[in-house]
file protein03.txt (compact mmCIF, C-alpha atoms)
# COMPACT_ATOMS: atom_id res chain seq x y z
CA MET H 1 106.92 103.36 120.54
CA SER H 2 103.55 105.01 120.87
CA GLY H 3 104.50 108.44 119.54
CA LEU H 4 102.20 110.06 122.10
CA PRO H 5 103.46 112.92 124.31
CA PRO H 6 103.93 112.71 128.11
CA TYR H 7 100.59 114.49 128.62
CA ALA H 8 98.82 111.56 126.90
CA GLU H 9 100.45 109.08 129.27
CA TRP H 10 99.50 111.30 132.23
CA LEU H 11 95.85 111.15 131.11
CA GLY H 12 96.07 107.35 130.69
CA ILE H 13 95.61 107.55 126.91
CA THR H 14 96.69 104.60 124.74
CA LEU H 15 97.07 104.32 120.98
CA ASP H 16 94.88 101.95 118.99
CA ARG H 17 94.43 101.56 115.22
CA ASP H 18 91.29 101.31 113.13
CA ALA H 19 90.80 98.75 110.34
CA ASP H 20 92.78 100.96 107.92
CA GLY H 21 95.68 101.42 110.34
CA ALA H 22 94.76 105.01 111.20
CA PRO H 23 95.39 106.07 114.82
CA VAL H 24 92.56 106.00 117.38
CA LEU H 25 93.28 107.30 120.88
CA VAL H 26 91.55 105.68 123.86
CA MET H 27 91.13 107.50 127.20
CA PRO H 28 89.85 105.58 130.22
CA PHE H 29 87.49 107.22 132.71
CA GLY H 30 89.08 107.97 136.08
CA GLU H 31 89.88 110.60 138.67
CA VAL H 32 92.57 112.23 136.54
CA VAL H 33 89.99 113.18 133.86
CA LEU H 34 87.04 113.84 136.18
CA GLY H 35 85.13 117.11 136.00
CA ARG H 36 81.87 117.44 137.89
CA PRO H 37 80.91 114.19 139.64
CA GLY H 38 80.24 111.41 137.12
CA PHE H 39 81.35 113.39 134.05
CA LEU H 40 84.54 113.87 132.07
CA HIS H 41 86.23 117.27 132.38
CA GLY H 42 85.82 119.31 129.18
CA GLY H 43 89.53 120.12 129.30
CA ALA H 44 90.48 116.42 129.31
CA ILE H 45 88.21 115.85 126.29
CA ALA H 46 89.90 118.79 124.53
CA GLY H 47 93.34 117.34 125.32
CA LEU H 48 92.27 113.98 123.86
CA LEU H 49 90.90 115.67 120.69
CA ASP H 50 94.05 117.78 120.31
CA MET H 51 96.29 114.69 120.46
CA ALA H 52 93.99 112.67 118.17
CA ALA H 53 94.19 115.47 115.57
CA ALA H 54 97.99 115.58 115.88
CA ALA H 55 98.23 111.77 115.57
CA ALA H 56 96.13 111.84 112.37
CA LEU H 57 98.34 114.56 110.89
CA ARG H 58 101.58 112.74 111.81
CA HIS H 59 100.10 109.60 110.26
CA ALA H 60 99.42 111.54 107.04
CA LEU H 61 102.98 112.92 107.10
CA ALA H 62 104.57 109.57 108.00
CA ALA H 63 106.37 109.28 104.66
CA GLU H 64 108.15 112.61 105.22
CA ASP H 65 111.19 112.80 107.43
CA GLY H 66 111.57 115.80 109.67
CA ALA H 67 108.16 117.44 109.17
CA ARG H 68 107.23 119.49 112.23
CA ILE H 69 103.68 120.49 113.15
CA GLU H 70 102.52 123.37 115.33
CA PRO H 71 98.85 123.82 116.31
CA ILE H 72 97.79 127.43 115.74
CA THR H 73 94.03 127.46 116.37
CA VAL H 74 91.98 124.81 118.18
CA THR H 75 88.18 125.03 118.36
CA VAL H 76 86.23 122.47 120.38
CA ASP H 77 82.44 122.02 120.24
CA TYR H 78 80.81 120.03 123.03
CA GLN H 79 77.79 117.94 122.09
CA ARG H 80 77.18 115.54 125.00
CA GLY H 81 78.43 114.99 128.52
CA GLY H 82 81.20 112.36 128.79
CA ARG H 83 80.16 109.54 131.12
CA ASP H 84 81.92 106.86 133.18
CA LYS H 85 83.26 104.77 130.28
CA PRO H 86 86.22 104.85 127.85
CA THR H 87 86.34 107.62 125.25
CA ARG H 88 87.81 107.14 121.78
CA ALA H 89 88.99 109.88 119.44
CA ALA H 90 90.25 110.04 115.88
CA GLY H 91 91.22 112.79 113.47
CA THR H 92 90.69 113.35 109.75
CA VAL H 93 93.05 115.50 107.71
CA THR H 94 90.70 117.58 105.57
CA ARG H 95 93.47 119.44 103.75
CA LEU H 96 97.23 118.98 103.68
CA GLY H 97 99.00 121.93 102.09
CA ARG H 98 102.66 122.94 101.98
CA ARG H 99 102.50 125.27 104.99
CA VAL H 100 99.08 124.66 106.55
CA ALA H 101 97.05 121.56 107.43
CA ASN H 102 93.40 121.47 108.52
CA VAL H 103 92.33 118.58 110.72
CA GLU H 104 88.98 117.60 112.23
CA ALA H 105 88.71 115.27 115.21
CA VAL H 106 85.80 113.61 116.97
CA ALA H 107 85.53 111.98 120.40
CA TRP H 108 82.88 109.36 121.09
CA GLN H 109 81.90 106.74 123.66
CA ASP H 110 79.21 104.38 122.39
CA ASP H 111 78.82 105.34 118.75
CA ARG H 112 81.28 107.19 116.50
CA ALA H 113 78.29 108.75 114.69
CA GLN H 114 77.20 110.38 117.96
CA PRO H 115 80.27 112.26 119.19
CA ILE H 116 80.50 113.76 122.66
CA ALA H 117 82.73 116.52 121.26
CA SER H 118 84.50 117.53 118.07
CA ALA H 119 87.41 119.80 117.22
CA ARG H 120 88.91 121.66 114.30
CA VAL H 121 92.65 122.24 114.48
CA ASN H 122 94.70 124.31 112.03
CA TYR H 123 98.41 123.56 111.95
CA LEU H 124 101.45 125.32 110.64
CA LEU H 125 103.86 122.88 108.99
CA SER H 126 107.63 123.05 108.77
CA ARG H 127 108.80 120.55 106.22
CA ALA H 128 112.30 119.40 105.53
CA GLY H 129 113.64 121.26 102.53
CA SER H 130 111.18 124.15 102.83
CA ALA H 131 113.13 125.75 105.72
CA MET X 1 74.82 140.25 146.91
CA THR X 2 76.51 136.91 147.34
CA THR X 3 80.02 136.27 146.13
CA PHE X 4 81.69 133.35 144.43
CA ASP X 5 84.67 131.96 146.38
CA PRO X 6 87.26 130.55 143.90
CA VAL X 7 89.48 129.05 146.60
CA ARG X 8 86.57 127.13 148.10
CA PHE X 9 85.50 125.95 144.64
CA LEU X 10 89.00 124.63 143.82
CA ARG X 11 89.17 122.84 147.18
CA PHE X 12 85.82 121.23 146.38
CA SER X 13 87.00 120.02 142.95
CA ALA X 14 90.48 118.96 144.17
CA GLY X 15 89.70 115.28 143.59
CA GLY X 16 89.40 115.53 139.81
CA HIS X 17 91.22 116.83 136.74
CA ASN X 18 91.63 120.38 138.14
CA GLY X 19 93.27 119.12 141.31
CA ARG X 20 95.56 116.69 139.51
CA LEU X 21 96.76 119.54 137.28
CA GLY X 22 97.43 121.59 140.43
CA LEU X 23 95.29 124.53 139.28
CA ALA X 24 95.55 127.24 141.92
CA TYR X 25 93.78 130.52 142.51
CA ARG X 26 96.01 133.52 141.85
CA ALA X 27 94.07 136.79 141.73
CA GLN X 28 90.87 138.50 140.73
CA GLY X 29 89.72 141.97 139.84
CA PRO X 30 86.72 143.72 138.36
CA GLY X 31 85.28 141.23 135.87
CA TRP X 32 88.28 138.88 135.74
CA ILE X 33 89.80 135.98 137.61
CA GLU X 34 93.22 134.34 137.39
CA LEU X 35 94.34 130.75 137.95
CA GLU X 36 97.82 129.30 137.75
CA LEU X 37 98.92 126.03 136.16
CA PRO X 38 102.21 125.08 137.89
CA TYR X 39 104.96 123.69 135.69
CA ASP X 40 105.03 119.87 135.65
CA PRO X 41 107.14 117.93 133.10
CA ARG X 42 104.51 115.16 133.03
CA LEU X 43 102.16 117.60 131.26
CA ALA X 44 104.57 118.10 128.35
CA GLY X 45 103.15 118.12 124.85
CA ASP X 46 106.41 117.36 123.09
CA ASP X 47 110.13 116.78 123.54
CA ASN X 48 110.94 120.33 124.61
CA GLY X 49 108.93 119.92 127.83
CA ALA X 50 106.49 122.80 127.36
CA PRO X 51 102.95 122.15 128.66
CA ALA X 52 100.62 120.43 126.17
CA PRO X 53 97.86 122.43 124.45
CA GLY X 54 95.33 120.28 126.35
CA ALA X 55 96.64 121.42 129.75
CA ILE X 56 96.38 125.06 128.68
CA PHE X 57 92.88 124.33 127.38
CA THR X 58 91.79 123.07 130.83
CA LEU X 59 93.39 126.09 132.52
CA MET X 60 91.45 128.45 130.24
CA ASP X 61 88.20 126.44 130.42
CA MET X 62 88.32 126.71 134.23
CA THR X 63 89.39 130.32 134.54
CA THR X 64 86.72 131.47 132.05
CA SER X 65 84.11 129.23 133.77
CA MET X 66 84.98 130.76 137.11
CA SER X 67 84.73 134.26 135.64
CA VAL X 68 81.07 133.48 134.86
CA TRP X 69 80.44 132.43 138.47
CA ALA X 70 82.27 135.53 139.72
CA HIS X 71 80.14 137.65 137.38
CA ARG X 72 76.93 136.01 138.68
CA GLY X 73 78.09 136.04 142.30
CA ARG X 74 77.61 132.30 142.79
CA PHE X 75 78.35 128.84 141.45
CA ALA X 76 75.67 127.35 139.17
CA LEU X 77 75.66 124.44 136.75
CA GLN X 78 76.82 125.37 133.24
CA VAL X 79 78.31 123.48 130.32
CA THR X 80 80.87 124.60 127.75
CA LEU X 81 79.24 125.05 124.35
CA ASP X 82 82.47 125.78 122.52
CA LEU X 83 85.94 127.06 123.23
CA ARG X 84 88.55 128.27 120.75
CA VAL X 85 92.23 128.64 121.63
CA ASP X 86 94.63 130.66 119.49
CA HIS X 87 98.16 129.54 120.31
CA VAL X 88 100.07 132.80 119.97
CA ARG X 89 103.40 131.33 120.93
CA ARG X 90 104.76 128.15 122.42
CA PRO X 91 105.01 128.29 126.25
CA VAL X 92 108.45 128.09 127.86
CA ALA X 93 109.24 124.87 129.73
CA GLY X 94 109.89 125.30 133.45
CA GLU X 95 107.56 128.27 133.96
CA ALA X 96 104.00 128.25 135.28
CA VAL X 97 101.22 129.35 132.92
CA ILE X 98 98.71 131.88 134.23
CA GLY X 99 95.20 132.07 132.82
CA ARG X 100 93.07 135.20 133.05
CA GLY X 101 89.37 134.82 132.21
CA GLU X 102 86.69 137.45 131.83
CA CYS X 103 82.94 137.09 131.43
CA TYR X 104 81.97 140.12 129.36
CA ALA X 105 78.28 139.35 128.70
CA ILE X 106 75.42 137.10 129.71
CA ALA X 107 72.49 137.03 127.28
CA GLY X 108 69.59 134.75 128.15
CA GLN X 109 71.07 131.36 128.96
CA VAL X 110 74.43 131.99 127.29
CA ALA X 111 77.54 133.42 128.94
CA PHE X 112 80.24 134.93 126.69
CA VAL X 113 83.83 134.87 127.88
CA ARG X 114 87.34 135.66 126.70
CA GLY X 115 90.71 134.96 128.21
CA THR X 116 94.46 135.17 127.94
CA ALA X 117 97.14 132.66 128.94
CA TYR X 118 100.58 134.06 129.75
CA GLN X 119 103.75 133.25 131.66
CA LEU X 120 105.73 136.25 132.89
CA SER X 121 103.71 139.13 131.47
CA LEU X 122 100.13 139.62 130.36
CA ASP X 123 101.60 141.66 127.49
CA ASP X 124 103.38 138.57 126.14
CA PRO X 125 100.50 136.08 125.77
CA VAL X 126 100.89 132.37 125.13
CA ALA X 127 97.29 131.99 123.99
CA HIS X 128 94.00 133.80 123.58
CA VAL X 129 90.63 132.13 124.01
CA ALA X 130 86.97 132.84 123.30
CA ALA X 131 84.22 130.59 124.63
CA THR X 132 80.50 130.34 125.34
CA PHE X 133 78.77 128.50 128.18
CA MET X 134 75.17 127.36 128.43
CA LEU X 135 73.63 128.19 131.81
CA MET X 136 71.69 125.06 132.78
CA GLU X 137 69.15 126.76 135.03
CA ARG X 138 66.71 129.58 134.53
CA GLY X 139 66.39 132.71 136.67
CA ALA X 140 70.02 133.80 136.33

call {"tool": "encode", "arguments": {"input": "protein03.txt", "output": "structure tokens"}}
result
Amino acid sequence: MSGLPPYAEWLGITLDRDADGAPVLVMPFGEVVLGRPGFLHGGAIAGLLDMAAAAALRHALAAEDGARIEPITVTVDYQRGGRDKPTRAAGTVTRLGRRVANVEAVAWQDDRAQPIASARVNYLLSRAGSA
Amino acid sequence: MTTFDPVRFLRFSAGGHNGRLGLAYRAQGPGWIELELPYDPRLAGDDNGAPAPGAIFTLMDMTTSMSVWAHRGRFALQVTLDLRVDHVRRPVAGEAVIGRGECYAIAGQVAFVRGTAYQLSLDDPVAHVAATFMLMERGA
């Protein structure tokens, strides 16, 4: 099972893993993610970043049964236009607290060090046993 | 004074992400414009069927973008610099989400916008957004 929501499937997103087993989401270019001619829609990039951040957090919480996550604030910065090629995205959990988690995510095409967009997502956590 | 025609714009962009989401023009007033994201279970973000944050993000990106064009009286190339969404509450599955966007200032080549996503009442928001756009041409 991929663990990705229906919206990911609708966008054509698939789940890959990096060398350490951390989730990397891959979104193909196509009409469903098209903005102005030849470029990815900023909203599709945001959706990819949002799901990459959530996948990273679920990965970090994998040992806990029943932990629920709820995104509270999502901020996306756009750095480059997304072109006609696949886009990859991955998240990094910068802090995992009892009630709040902070996650950063980047989306890139050719080079992970040159992202097309990045996001910061703050989550509220509901963990089993903490009601 | 020219005017920006949101219905014509949406028809023009019907082939891409906006059209696939089914974004539709709803209303406009002084300084604001509204679009509607129809309910579609394929856009669910989790098991309860409510639309994914990403779909709401696109709705608000477009409605705030269009508020800039309405403010300027015409379409012109612009790119999103940043957009923040505060998810006030989880949307209800089965109901459309309406986005209202407002361009409240243009300073130099930057347009400042804010917006609200709601379902049945503007007083019961699903999300609030703040964003900036870079205007890609001079002589605005």

call {"tool": "residues_around", "arguments": {"input": "protein03.txt", "residues": "range 99-110 of chain H", "least_positions_apart": "2", "cutoff": "6 Å", "atoms": "only C-alpha atoms", "output": "VMD selection string"}}
result
chain H and resid 49 53 87 to 97 112 115 to 125

call {"tool": "closest_residue", "arguments": {"input": "protein03.txt", "among": "X:Val92, X:Ala130, X:Ala27, X:Leu122", "to": "chain H", "atoms": "all atoms listed in the file"}}
result
X:Ala130

call {"tool": "closest_residue", "arguments": {"input": "protein03.txt", "among": "H:Leu11, H:Leu4, H:Val33, H:Ala63", "to": "chain X", "atoms": "all atoms listed in the file"}}
result
H:Val33

call {"tool": "residues_around", "arguments": {"input": "protein03.txt", "residues": "Tyr78 in chain H", "least_positions_apart": "2", "cutoff": "8 Å", "atoms": "all atoms listed in the file", "output": "ChimeraX atom specification"}}
result
/H:42,76,80-81,116-118 /X:80-82

call {"tool": "write_last_selection", "arguments": {"input": "protein03.txt", "atoms": "C-alpha atoms", "output": "PDB file, in the coordinates of the input"}}
result
ATOM      1  CA  GLY H  42      85.820 119.310 129.180  1.00  0.00           C
ATOM      2  CA  VAL H  76      86.230 122.470 120.380  1.00  0.00           C
ATOM      3  CA  ARG H  80      77.180 115.540 125.000  1.00  0.00           C
ATOM      4  CA  GLY H  81      78.430 114.990 128.520  1.00  0.00           C
ATOM      5  CA  ILE H 116      80.500 113.760 122.660  1.00  0.00           C
ATOM      6  CA  ALA H 117      82.730 116.520 121.260  1.00  0.00           C
ATOM      7  CA  SER H 118      84.500 117.530 118.070  1.00  0.00           C
TER       8      SER H 118
ATOM      9  CA  THR X  80      80.870 124.600 127.750  1.00  0.00           C
ATOM     10  CA  LEU X  81      79.240 125.050 124.350  1.00  0.00           C
ATOM     11  CA  ASP X  82      82.470 125.780 122.520  1.00  0.00           C
TER      12      ASP X  82
END

call {"tool": "residues_near_point", "arguments": {"input": "protein03.txt", "point": "(79.4, 114.0, 141.5)", "cutoff": "12 Å", "atoms": "all atoms listed in the file", "output": "count of residues only"}}
result
15

call {"tool": "closest_residue", "arguments": {"input": "protein03.txt", "among": "X:His71, X:Arg20, X:His128, X:Arg8", "to": "Leu83 in chain X", "atoms": "only C-alpha atoms"}}
result
X:His128

call {"tool": "residues_around", "arguments": {"input": "protein03.txt", "residues": "Val113 in chain X", "least_positions_apart": "3", "cutoff": "7 Å", "atoms": "all atoms listed in the file", "output": "PyMOL selection string"}}
result
chain X and resi 64+102-104+130-132

call {"tool": "write_last_selection", "arguments": {"input": "protein03.txt", "atoms": "C-alpha atoms", "output": "mmCIF file, keeping the file's coordinate frame"}}
result
data_model
loop_
_atom_site.group_PDB
_atom_site.id
_atom_site.type_symbol
_atom_site.label_atom_id
_atom_site.label_comp_id
_atom_site.auth_asym_id
_atom_site.auth_seq_id
_atom_site.Cartn_x
_atom_site.Cartn_y
_atom_site.Cartn_z
ATOM 1 C CA THR X 64 86.720 131.470 132.050
ATOM 2 C CA GLU X 102 86.690 137.450 131.830
ATOM 3 C CA CYS X 103 82.940 137.090 131.430
ATOM 4 C CA TYR X 104 81.970 140.120 129.360
ATOM 5 C CA ALA X 130 86.970 132.840 123.300
ATOM 6 C CA ALA X 131 84.220 130.590 124.630
ATOM 7 C CA THR X 132 80.500 130.340 125.340
#
